[in-house]
There are 2 protein chains.
Amino acid sequence: MSGKPAQRLASGGGAAVDDRSVAARLFAILDAFATPAGATSFTLSLTAIAQRAGLPLSTTHRLVAEWVGWGGLTRQDNGQYSLGMKLWELGVQTPTARNLRTIALPYLEDLYETTREHVHLAILDGRDALYLEKLSGHHAVRLTSRVGARLPLHSTGVGLVLLAHAPTDVVQDYLATSLERFLPGTVTEPDAVRRRLAEIRLTGVARMSEEMTLGSSSIAAPIRDRTGLVVAAVSIVIRTTDTANPEQERAVRVAAQGVSRALGYRRAQQ
Amino acid sequence: MSGKPAQRLASGGGAAVDDRSVAARLFAILDAFATPAGATSFTLSLTAIAQRAGLPLSTTHRLVAEWVGWGGLTRQDNGQYSLGMKLWELGVQTPTARNLRTIALPYLEDLYETTREHVHLAILDGRDALYLEKLSGHHAVRLTSRVGARLPLHSTGVGLVLLAHAPTDVVQDYLATSLERFLPGTVTEPDAVRRRLAEIRLTGVARMSEEMTLGSSSIAAPIRDRTGLVVAAVSIVIRTTDTANPEQERAVRVAAQGVSRALGYRRAQQ
DNA sequence: CGACGGGTTCCATTCAGTGGAAGTTCTTGG
DNA sequence: CCAAGAACTTCCACTGAATGGAACCCGTCG
């Protein structure tokens with residue numbers, strides 16, 4: 001790093017210079033709260049935030065205070081910090097999530113009622129399936145998914161559907177990296193995945209069985225907007241042992257079509 | 001559009017001083033997106049953001065770029081900006097919203113199924129009822145409410161329930177200001193409201209009729225946590241013309257109790 | 001009691017952020 | 001077709017806001 005004659009610590013360690021902008025530091029603080037894995041959301045102490053964000057304590061202290069002042073973070077009685085309501089309020093206003101959810105929810109409810117199984121709504125975001133909504137009864141199978149979670153495209157029903165209808169370069173790109181095998185049943189071989197995608201495009205539904213969670217299978221179908229583009233996917237997650245029920249598949253299709261129609265899709269082609 | 005740009009003109013047309021911190025300016029930009037009234041969420045041009053945030057265009061340009069880089073804002077094809085998915089992702093992680101929602105949703109679904117009416121879940125936040133969840137079928141009455149919306153405490157079912165169980169100083173404070181009369185039926189007289197609150201505490205339900213929206217009534221009940229504290233309220237919104245149905249009230253109670261029990265409430269007192 | 005780990009405050013230093021202005025692109029309309 | 005204008009982007013000299021090390025505070029533990 002000969003470029004910048006920036007501040008240099010006299011000590012032999014030669015600590016790295018932090019050239020992040022104030023904004024970047026503020027964001028780093030929020031990112032410290034990104035819930036890992038499927039864990040339940042949590043709280044952090046000031047020091048913990050400082051560590052995760054890679055910031056000096058005093059700086060963290062000041063910036064965290066700014067967040068709290070605005071409502072993006074909340075300080076709890078025990079001194080721990082957590083994400084604040086303001087963030088939630090703004091978050092739910094996000095157009096994609098809000099519009100899709102509002103329109104889709106009634107159909108998802110119908111689907112839940114007729115099948116009594118977990119119902120998922122997801123969109124493609126980057127290289128992941130992002131779960132926008134999840135309905136599930138009191139009982140139902142334990143699952144990794146939750147609203148706001150990201151799950152892989154190749155091992156989930158909604159993921160495969162989204163991938164099947166994604167631009168070719170996205171598919172190319174996705175299959176170029178090695179796909180994680182979560183269970184023995186997970187299909188990870190690129191060509192095998194490609195064959196599945198083709199079949200999904202043909203039949204209009206994806207069926208998965210024990211590729212992410214033991215004991216659970218899923219049936220997923222695409223949601224199209226007015227232009228015919230696939231913008232989301234619905235699925236139900238069922239116990240693997242249940243006998244294959246054509247009614248279930250039909251219900252998923254009906255729901256997907258209902259939402260598509262509500263979005264203005266008129267089955268022009270197909 | 002709230003808080004006017006913090007500009008203070010020195011006598012004689014001197015330059016304005018803006019003593020906001022970088023963080024405050026970043027927040028002001030996000031706040032520019034706070035959806036007004038009940039309008040559908042929207043997009044803003046750079047110039048519009050600058051105006052609403054009270055910032056010079058070049059500064060706005062730079063800061064908006066930071067937001068976009070992080071994912072808090074998204075630039076659309078037409079050049080307009082809107083809230084970004086990252087914000088949604090973090091927002092749904094907010095503990096209060098997430099936990100309550102997760103626990104309550106199954107019961108809300110039950111309630112929706114048995115009544116087929118709008119179902120609301122709200123908490124008290126500041127001087128407003130903040131709507132955490134809303135289920136509604138395809139048909140159903142048109143409403144002002146939506147997830148993430150804030151509505152007054154005195155003119156909504158959930159609002160009254162929350163107020164009825166709020167600390168006395170909150171009630172005091174709330175009733176000290178003049179309450180807006182949305183419809184002829186809105187009860188705005190402090191003492192009349194107080195009497196209602198007492199009754200709600202006694203009976204355990206609130207009934208409203210055409211106090212916010214013409215043609216719609218609501219039935220609301222409190223949700224308690226393990227300590228017995230009222231942390232939220234559920235309600236259904238029904239057509240006013242419908243004959244009073246004791247089944248509906250019972251369904252609301254059942255839902256509220258179900259959620260309370262799931263939160264660990266054991267009906268110690270009462 | 002002393003030490004320790006978390007949190008808070010202080011303040012001299014300096015460099016990141018600022019914003020006016022000039023440059024660029026896209027529209028409008030004459 | 002070009003001029004006028006609006007919206008956006010880039011530039012850069014200046015400066016005061018942000019920085020972070022250090023000192024301080026406070027509750028807890030052995």
# chains A, B, ... in the order shown; residues from 1 in each chain; ligands from 1
>>> residues_around(residues="DC8 of chain D", least_positions_apart="2", cutoff="9 Å", atoms="only C-alpha atoms (C1' of nucleotides)", output="list of chain:residue names")
B:Leu46, B:Thr47, B:His61, C:DT24, C:DT25
>>> write_last_selection(atoms="N, CA and C atoms (P, O5', C5', C4', C3', O3' and C1' of nucleotides)", output="tab-separated table (two decimals), in the first residue's frame")
chain	number	residue	atom	x	y	z
B	46	LEU	N	-34.08	12.04	-6.97
B	46	LEU	CA	-33.01	12.59	-6.15
B	46	LEU	C	-33.37	13.98	-5.66
B	47	THR	N	-33.86	14.80	-6.54
B	47	THR	CA	-34.22	16.16	-6.18
B	47	THR	C	-35.31	16.18	-5.12
B	61	HIS	N	-26.90	13.50	-3.16
B	61	HIS	CA	-26.40	12.58	-4.17
B	61	HIS	C	-25.41	11.58	-3.56
C	24	DT	P	-18.56	17.82	-19.90
C	24	DT	O5'	-19.88	16.98	-19.65
C	24	DT	C5'	-19.86	15.89	-18.73
C	24	DT	C4'	-21.29	15.40	-18.56
C	24	DT	C3'	-21.98	15.03	-19.88
C	24	DT	O3'	-22.20	13.63	-19.88
C	24	DT	C1'	-23.41	16.22	-18.40
C	25	DT	P	-22.52	12.87	-21.20
C	25	DT	O5'	-24.10	12.70	-21.10
C	25	DT	C5'	-24.60	11.94	-20.01
C	25	DT	C4'	-26.05	12.31	-19.77
C	25	DT	C3'	-26.97	11.97	-20.95
C	25	DT	O3'	-27.81	10.92	-20.52
C	25	DT	C1'	-27.49	14.05	-19.93
>>> calpha_fit_rmsd(fixed="chain B", moving="chain A")
3.5 Å
>>> closest_residue(among="B:Ala34, B:Leu175, B:Val205, B:Ala256", to="chain A", atoms="only C-alpha atoms")
B:Ala34
>>> interface_residues(of="chain A", to="chain C", cutoff="12 Å", atoms="only C-alpha atoms (C1' of nucleotides)", output="MDAnalysis selection string")
chainID A and resid 5:7 18:23 45:48 57:62 65 79:80
>>> select_by_dssp(residues="segment 46-189 of chain B", states="strand (DSSP E or B)", output="VMD selection string")
chain B and resid 73 to 75 81 to 83 118 to 125 128 to 135 150 to 152
>>> atom_distance(atom1="atom CA of Leu132 of chain A", atom2="atom CA of Ala104 of chain A")
10.3 Å
>>> interface_residues(of="chain B", to="chain A", cutoff="6 Å", atoms="only C-alpha atoms", output="VMD selection string")
chain B and resid 83 87 to 89 91 to 92 94 106 137 to 138 148
>>> interface_residues(of="chain D", to="chain A", cutoff="9 Å", atoms="only C-alpha atoms (C1' of nucleotides)", output="ChimeraX atom specification")
/D:18-20
>>> write_last_selection(atoms="C-alpha atoms (C1' of nucleotides)", output="JSON list (two decimals), in the first residue's frame")
[["chain", "number", "residue", "atom", "x", "y", "z"],
["D", 18, "DA", "C1'", -15.87, 12.93, 13.25],
["D", 19, "DT", "C1'", -12.23, 10.37, 15.19],
["D", 20, "DG", "C1'", -10.15, 7.42, 18.77]]
>>> atom_distance(atom1="atom CA of Arg201 of chain B", atom2="atom CA of Ala164 of chain B")
6.3 Å
>>> select_by_dssp(residues="segment 87-165 of chain B", states="helix (DSSP H, G or I)", output="PyMOL selection string")
chain B and resi 87-91+95-115+157-164
>>> residues_around(residues="segment 178-182 of chain B", least_positions_apart="5", cutoff="7 Å", atoms="only C-alpha atoms (C1' of nucleotides)", output="list in words")
Thr188, Glu211 and Met212 of chain B
>>> atom_distance(atom1="atom CA of Thr227 of chain A", atom2="atom CA of Leu151 of chain A")
26.4 Å
>>> decode(residues="segment 4-16 of chain C", atoms="N, CA and C atoms (P, O5', C5', C4', C3', O3' and C1' of nucleotides)", output="PDB file, in the first residue's frame")
ATOM      1  P    DC C   4      -6.409  -7.109  36.562  1.00  0.00           P
ATOM      2  O5'  DC C   4      -7.660  -7.720  35.797  1.00  0.00           O
ATOM      3  C5'  DC C   4      -8.703  -8.400  36.502  1.00  0.00           C
ATOM      4  C4'  DC C   4     -10.042  -8.014  35.923  1.00  0.00           C
ATOM      5  C3'  DC C   4      -9.945  -7.403  34.511  1.00  0.00           C
ATOM      6  O3'  DC C   4     -10.768  -8.145  33.645  1.00  0.00           O
ATOM      7  C1'  DC C   4     -11.369  -6.121  35.885  1.00  0.00           C
ATOM      8  P    DG C   5     -10.479  -8.107  32.073  1.00  0.00           P
ATOM      9  O5'  DG C   5     -11.947  -8.196  31.494  1.00  0.00           O
ATOM     10  C5'  DG C   5     -12.994  -8.775  32.261  1.00  0.00           C
ATOM     11  C4'  DG C   5     -14.281  -8.032  31.970  1.00  0.00           C
ATOM     12  C3'  DG C   5     -14.343  -7.496  30.536  1.00  0.00           C
ATOM     13  O3'  DG C   5     -15.607  -7.855  30.006  1.00  0.00           O
ATOM     14  C1'  DG C   5     -14.662  -5.718  32.094  1.00  0.00           C
ATOM     15  P    DG C   6     -16.284  -7.277  28.763  1.00  0.00           P
ATOM     16  O5'  DG C   6     -17.727  -6.960  29.340  1.00  0.00           O
ATOM     17  C5'  DG C   6     -18.603  -6.181  28.613  1.00  0.00           C
ATOM     18  C4'  DG C   6     -18.903  -4.924  29.382  1.00  0.00           C
ATOM     19  C3'  DG C   6     -19.228  -3.781  28.444  1.00  0.00           C
ATOM     20  O3'  DG C   6     -20.644  -3.677  28.356  1.00  0.00           O
ATOM     21  C1'  DG C   6     -17.947  -3.078  30.341  1.00  0.00           C
ATOM     22  P    DG C   7     -21.220  -2.831  27.198  1.00  0.00           P
ATOM     23  O5'  DG C   7     -21.095  -1.356  27.809  1.00  0.00           O
ATOM     24  C5'  DG C   7     -21.912  -1.018  28.910  1.00  0.00           C
ATOM     25  C4'  DG C   7     -21.498   0.334  29.405  1.00  0.00           C
ATOM     26  C3'  DG C   7     -21.729   1.479  28.404  1.00  0.00           C
ATOM     27  O3'  DG C   7     -22.659   2.370  29.001  1.00  0.00           O
ATOM     28  C1'  DG C   7     -19.597   1.634  29.462  1.00  0.00           C
ATOM     29  P    DT C   8     -23.206   3.550  28.046  1.00  0.00           P
ATOM     30  O5'  DT C   8     -22.271   4.778  28.434  1.00  0.00           O
ATOM     31  C5'  DT C   8     -22.242   5.225  29.791  1.00  0.00           C
ATOM     32  C4'  DT C   8     -21.222   6.318  29.934  1.00  0.00           C
ATOM     33  C3'  DT C   8     -21.383   7.475  28.941  1.00  0.00           C
ATOM     34  O3'  DT C   8     -21.721   8.631  29.688  1.00  0.00           O
ATOM     35  C1'  DT C   8     -19.099   6.827  29.190  1.00  0.00           C
ATOM     36  P    DT C   9     -21.972  10.018  28.929  1.00  0.00           P
ATOM     37  O5'  DT C   9     -20.544  10.733  29.013  1.00  0.00           O
ATOM     38  C5'  DT C   9     -19.920  10.861  30.278  1.00  0.00           C
ATOM     39  C4'  DT C   9     -18.578  11.530  30.099  1.00  0.00           C
ATOM     40  C3'  DT C   9     -18.581  12.768  29.196  1.00  0.00           C
ATOM     41  O3'  DT C   9     -17.949  13.817  29.913  1.00  0.00           O
ATOM     42  C1'  DT C   9     -16.847  11.286  28.557  1.00  0.00           C
ATOM     43  P    DC C  10     -17.959  15.336  29.318  1.00  0.00           P
ATOM     44  O5'  DC C  10     -16.431  15.485  28.857  1.00  0.00           O
ATOM     45  C5'  DC C  10     -15.462  14.706  29.500  1.00  0.00           C
ATOM     46  C4'  DC C  10     -14.066  15.019  28.975  1.00  0.00           C
ATOM     47  C3'  DC C  10     -13.963  16.255  28.080  1.00  0.00           C
ATOM     48  O3'  DC C  10     -12.764  16.927  28.415  1.00  0.00           O
ATOM     49  C1'  DC C  10     -13.203  14.346  26.905  1.00  0.00           C
ATOM     50  P    DC C  11     -12.587  18.470  28.039  1.00  0.00           P
ATOM     51  O5'  DC C  11     -11.559  18.382  26.814  1.00  0.00           O
ATOM     52  C5'  DC C  11     -10.374  17.593  26.946  1.00  0.00           C
ATOM     53  C4'  DC C  11      -9.723  17.448  25.584  1.00  0.00           C
ATOM     54  C3'  DC C  11      -9.857  18.686  24.690  1.00  0.00           C
ATOM     55  O3'  DC C  11      -8.636  18.875  24.020  1.00  0.00           O
ATOM     56  C1'  DC C  11     -10.672  16.815  23.548  1.00  0.00           C
ATOM     57  P    DA C  12      -8.078  20.404  23.905  1.00  0.00           P
ATOM     58  O5'  DA C  12      -6.752  20.159  23.056  1.00  0.00           O
ATOM     59  C5'  DA C  12      -5.806  19.176  23.475  1.00  0.00           C
ATOM     60  C4'  DA C  12      -5.308  18.389  22.259  1.00  0.00           C
ATOM     61  C3'  DA C  12      -4.799  19.253  21.105  1.00  0.00           C
ATOM     62  O3'  DA C  12      -3.651  18.604  20.561  1.00  0.00           O
ATOM     63  C1'  DA C  12      -6.608  17.910  20.350  1.00  0.00           C
ATOM     64  P    DT C  13      -2.988  19.091  19.201  1.00  0.00           P
ATOM     65  O5'  DT C  13      -3.635  18.137  18.118  1.00  0.00           O
ATOM     66  C5'  DT C  13      -3.324  16.741  18.135  1.00  0.00           C
ATOM     67  C4'  DT C  13      -3.941  16.089  16.902  1.00  0.00           C
ATOM     68  C3'  DT C  13      -3.548  16.751  15.576  1.00  0.00           C
ATOM     69  O3'  DT C  13      -3.079  15.739  14.689  1.00  0.00           O
ATOM     70  C1'  DT C  13      -5.894  16.506  15.711  1.00  0.00           C
ATOM     71  P    DT C  14      -2.408  16.153  13.331  1.00  0.00           P
ATOM     72  O5'  DT C  14      -3.258  15.377  12.253  1.00  0.00           O
ATOM     73  C5'  DT C  14      -4.111  14.296  12.622  1.00  0.00           C
ATOM     74  C4'  DT C  14      -5.283  14.262  11.647  1.00  0.00           C
ATOM     75  C3'  DT C  14      -4.955  14.800  10.255  1.00  0.00           C
ATOM     76  O3'  DT C  14      -5.616  13.998   9.306  1.00  0.00           O
ATOM     77  C1'  DT C  14      -6.833  15.899  11.064  1.00  0.00           C
ATOM     78  P    DC C  15      -4.817  13.053   8.367  1.00  0.00           P
ATOM     79  O5'  DC C  15      -5.955  12.093   7.821  1.00  0.00           O
ATOM     80  C5'  DC C  15      -7.026  11.677   8.682  1.00  0.00           C
ATOM     81  C4'  DC C  15      -8.361  12.116   8.094  1.00  0.00           C
ATOM     82  C3'  DC C  15      -8.449  12.031   6.578  1.00  0.00           C
ATOM     83  O3'  DC C  15      -9.765  11.627   6.277  1.00  0.00           O
ATOM     84  C1'  DC C  15      -9.032  14.165   7.241  1.00  0.00           C
ATOM     85  P    DA C  16      -9.956  10.459   5.205  1.00  0.00           P
ATOM     86  O5'  DA C  16     -11.511  10.239   5.289  1.00  0.00           O
ATOM     87  C5'  DA C  16     -12.120  10.078   6.569  1.00  0.00           C
ATOM     88  C4'  DA C  16     -13.383  10.910   6.649  1.00  0.00           C
ATOM     89  C3'  DA C  16     -14.308  10.721   5.464  1.00  0.00           C
ATOM     90  O3'  DA C  16     -15.636  10.688   5.932  1.00  0.00           O
ATOM     91  C1'  DA C  16     -13.639  12.998   5.598  1.00  0.00           C
TER      92       DA C  16
END
